[in-house]
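Data first, discussion second: the structure below is written as structure tokens.
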Amino acid sequence: MSKFVAFTSLGRRALPNQFDLIALVLIFGAFAAAVSVGHDVTQKISAPQATAITLDYWALPYYALRTTLRMFVAILASLFFTLTYATLAAKSNRAEKILIPILDVLQSVPVLGFLSFTVTFFLGLFPGSILGAECAAIFAIFTSQAWNMAFSFYQSLRTVPGDLIEVSRGFQLSPWQRFWQLEAPFAMPGLIWNMMMSMSGGWFFVVASEAISVGDNTINLPGIGSYLSVAISQKNAGAVFAAVVAVLAVILLYDQLIFRPLVAFSTRFRVELLSSAQQERSWVMATFKRTRWLRPIQKGFAKAFNRFALLRLELPGRSARPEPLGASANRIIDVLFYSSVGLLTAYSFWQIVLFVSHDLSWHELLLTIGLTSLTLVRVVFLIALATLIWVPVGVWIGIRPRIAEKIQPLAQFLAAFPANVIFPVVVVLIIHFSLNPDFWLSFLIILGTQWYILFNVIAGAQAFPSDLREAARSFNVGGWDWWRKVMLPGIFPYYVTGALTASGGSWNAAIVAEYVKWGDDTVTAHGIGSYIAMATKDGNFPKIVLGVAVMSVFVIVFNRCFWRPLFAIGEKRLRLS
Amino acid sequence: MLQEREKPLLEVNDVSQRYRTGSGEEGPPVLDHVSLKLTSGEIVGLLGRSGCGKSTLLRIVAGLASPAEGSVTYDGRPVSGPVDGLAMVFQSFALFPWLSVLANVEIGLRARKVPEAEARKRALAAIDLIGLDGFESAFPKELSGGMRQRVGFARALVINPKILLMDEPFSALDVLTAETLRSDLLDLWVEGRMPIKSILMVTHNIEEAVLMCDRIIVLSSNPGRIAAEIKVTLQHPRNRLDPEFRQLVDKIYALMTKRAVEAVPREGAFPGLGLGMALPQLSTNTIAGMIEEVHAPPYNGRAPLHELSDSLAMEIDDLFPVAETLQLLRFAEIADGKISLTPAGMKFADLETDARKRLFGDHLLAYVPLAARIKMVLDERPTHSARASRFLEELEDFMSDEYADRTLKSVVNWGRYGELFAYDESSETLSLENPG
């Protein structure tokens, strides 16, 4: 379970759907408010100095360092968010009813659409300084990681084994002690896996968010993303190539030095009582364990952490078991809570409507709905195409363990590689051969996300029980029958997980892929992605709000009507357990 | 002084507890006015089948749950939460997988702000006592079941409790390991090497109870009440083959199968009556197998239950549901700790498959009201089909959701075996037609 992207609302039977609507409204209300505040301040900002990007190849390692630093700050922020938000949602029933739908919606909303809002907000927060732009970039990366991690942590907190809880209570561990001794360690495997997967997905956002242009303001933060964007605007093919190599190197280093060791470390926290089939190995971990000088340092850290985790931190005078509130008191609090949520929602909705309808008409709304449908068609077509190609390949690889061992990390690596780095190449081709952008730009959308389908299908084929395969062979089940009755049902849950992730990533990719530049040439496809991208370029905030809102609604409805039932079928009928 | 010694360490006064139904209301009672006393120097066993509330009672004693009525007193003071003098050992060992053996044992002490050096010393002593010396830095993953439970014991003993509470501590272990652990524990107890004054142990294994306990409290099920209290005066070390031992085991089997005559006369072996009978999940293979076993020599239709439990290696939790289901279907009768096949049961054993299914189906219709109801509804309806959820809802009026689901599953399986009706899983409907 910890391996896959958390898809939590499925397990909660009683959460009503209207909460999603509330969550959506609240989120957009907040953004509309932030924008209207930052709106006025934006006019006064002049482009900050010291951000001239040089296309010198030797500057690349420094830029790579800056980019990686941003990633890590974002991870720390996500971690902090996870530990507070998810814990609150897990411990309080009332908070949970609002917090989890909000998280669900945030996970479905395309993050890149927000970029314009957040940039404005942060620039307004730190006028004239580069800190605002840095915060905006870090925030963009944060939003690609935090929701995933929070979901995983929340789910883990809710499934702590009962007997371990009884042990903690029997030994009278204080709540703080219990959190650090039991709940956090239990959640470690899922959290670390999701953290690493999120970081892999984050490279895409880093590249997209380092060169920020909102309206007439263009800010280039030192980093690989802005290097790339400057290279594109100057049509410097060599520089683009150098950037690609740099990204490859960075991801490789990150994978070997951080991803694998951390995942290997997290196996210590797994609660299964049998040794698991997948032993995560890392040469870094193995080397580290053999060092002589580094180990005492690590032991020192471990001791300090233990002391931290064992602080009692009890409020003085607290009784062993606080009196539960009576039924009537509970009802009063319920009424207060829900009515204030309702009021806030209504107010937010009003704000959004005001903000949008100020400049736009119904016609605009219909236009956005039409454009989003076009993008939807594109996404569906591409997912189907990727399925047709990669599922057979994935199965072929997965049932051959030695090949799978080599290919699986490669597929994960490809999934991490930010595809937007390759976009300029495609643009050049399209311009050169005068191809139809509406059709050919579509492939960019799936370029980075198809690998999720591949490596999940490989994992599914690997996990398929060998005795079932042998039974099929001994009864001479072959050809189409074998696919339909043996293999496809077996890998179905894994496929759905992969396809769901690919679908989510594709929506984000659409914003960057439907409007691509090379120097002064621009290639656009008709769709909501280009609508939002163009509105961002023009600095037309009402259009941005409208576009992102309509896109989000479509994504959420698509998720609920299509992916969620598929997932449920996979869980109910096709789990091999 | 004598009074001091006889003052009970732990008193359970009139404790009652109720189930919570699916809708959150209070349901039927789990425990019904249970009282018991624990004095210093004795091992007391709580013996009963699953569902009789013994684990719930243990948790109420430990302060991990609060009773609906009644109270628990430890050392003269009422128990409202976990207290220092009580420590618990769990059936599933409940060790933290990310901590070493030493860290696991120390956790109770470190949480109470015992200084690091002292905690370490005491933990090492406890680990030495239960025989895991040398494994201090091992992780639970590396240990076998028996060793993990030893860690569980060390963890409980290191905080110097007065009373050790054990929740079926040996059930998750294989027979040999359990035997070793039991005798090691008894050795430590008899030699007085543990700091504890008394032990309260929950078990569903009759022989284990007679082997270890000074006093056995037998709890009946549905609701949990004290059915009997038996003193065991055999000297340690106790021998299973000792005739007195075997007599005691036999007596307890008889006690547990006796019909409760004094209480509400309609209480049978299964909770609820008529449609609302909660039935166990049993396969027809098990039922047929039991009939054949009792039919065959040396029993020839009449077998003492404790001998069956020995020869089939079945615990009472597995054995009694089968026996009682056979009684329900009038294939056998239970009395005085013995099971005897009725003429129908004897006939069943001799028939071949098709005839067996017919006989089974007839008995099912005649004696299990739910099966009769399903057949009746299917017969009446013009389409001869009905959704399973319709019957599920009817059952949920009488029992919890989980029991209702289990009962319906059982009856549907038995009905399919007896060829009374058919069931389609994907549409969840019962019907009178055979699947295509």
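In the structure tokens, chains take letters A, B, ... by order of appearance, with residues numbered from 1 within each chain and ligands from 1 in the order shown.
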Show me, as a PyMOL selection string, every residue of chain B with an atom at most 8 Å from chain A, counting only C-alpha atoms. chain B and resi 62-64+80-84+87-88+90+92+94-98+108+110-112+141
Excluding Thr387 of chain A and any residue of its chain fewer than 5 positions from it, enumerate the residues within 9 Å of it, using only C-alpha atoms, and give them as a count of residues only. 7
As a PyMOL selection string, which residues of segment 54-128 of chain B does DSSP assign to helix (DSSP H, G or I)? chain B and resi 54-62+101-111+116-128
What is the distance, in Å and to one decimal place, between atom CA of Ala154 of chain B and atom CA of Ala126 of chain B?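 We find that atom CA of Ala154 of chain B and atom CA of Ala126 of chain B lie 5.3 Å from each other.
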Which neighbours of Lys572 of chain A fall inside 10 Å, counting only C-alpha atoms, when residues of the same chain fewer than 5 positions from it are skipped, and could you give them as a PDB file with N, CA and C atoms, in the first residue's frame?
ATOM      1  N   PRO A 493      -4.923  -3.186 -10.952  1.00  0.00           N
ATOM      2  CA  PRO A 493      -4.788  -2.135  -9.921  1.00  0.00           C
ATOM      3  C   PRO A 493      -3.530  -1.303 -10.121  1.00  0.00           C
ATOM      4  N   LEU A 566     -12.959   3.066 -11.380  1.00  0.00           N
ATOM      5  CA  LEU A 566     -11.989   2.068 -11.838  1.00  0.00           C
ATOM      6  C   LEU A 566     -11.154   1.557 -10.687  1.00  0.00           C
ATOM      7  N   PHE A 567     -10.706   2.504  -9.869  1.00  0.00           N
ATOM      8  CA  PHE A 567      -9.922   2.150  -8.698  1.00  0.00           C
ATOM      9  C   PHE A 567     -10.712   1.226  -7.779  1.00  0.00           C
TER      10      PHE A 567
END
Atomic distance atom CA of Ser137 of chain B - atom CA of Ala103 of chain B, expressed in Å with one decimal: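 Separation of atom CA of Ser137 of chain B and atom CA of Ala103 of chain B: 8.4 Å.
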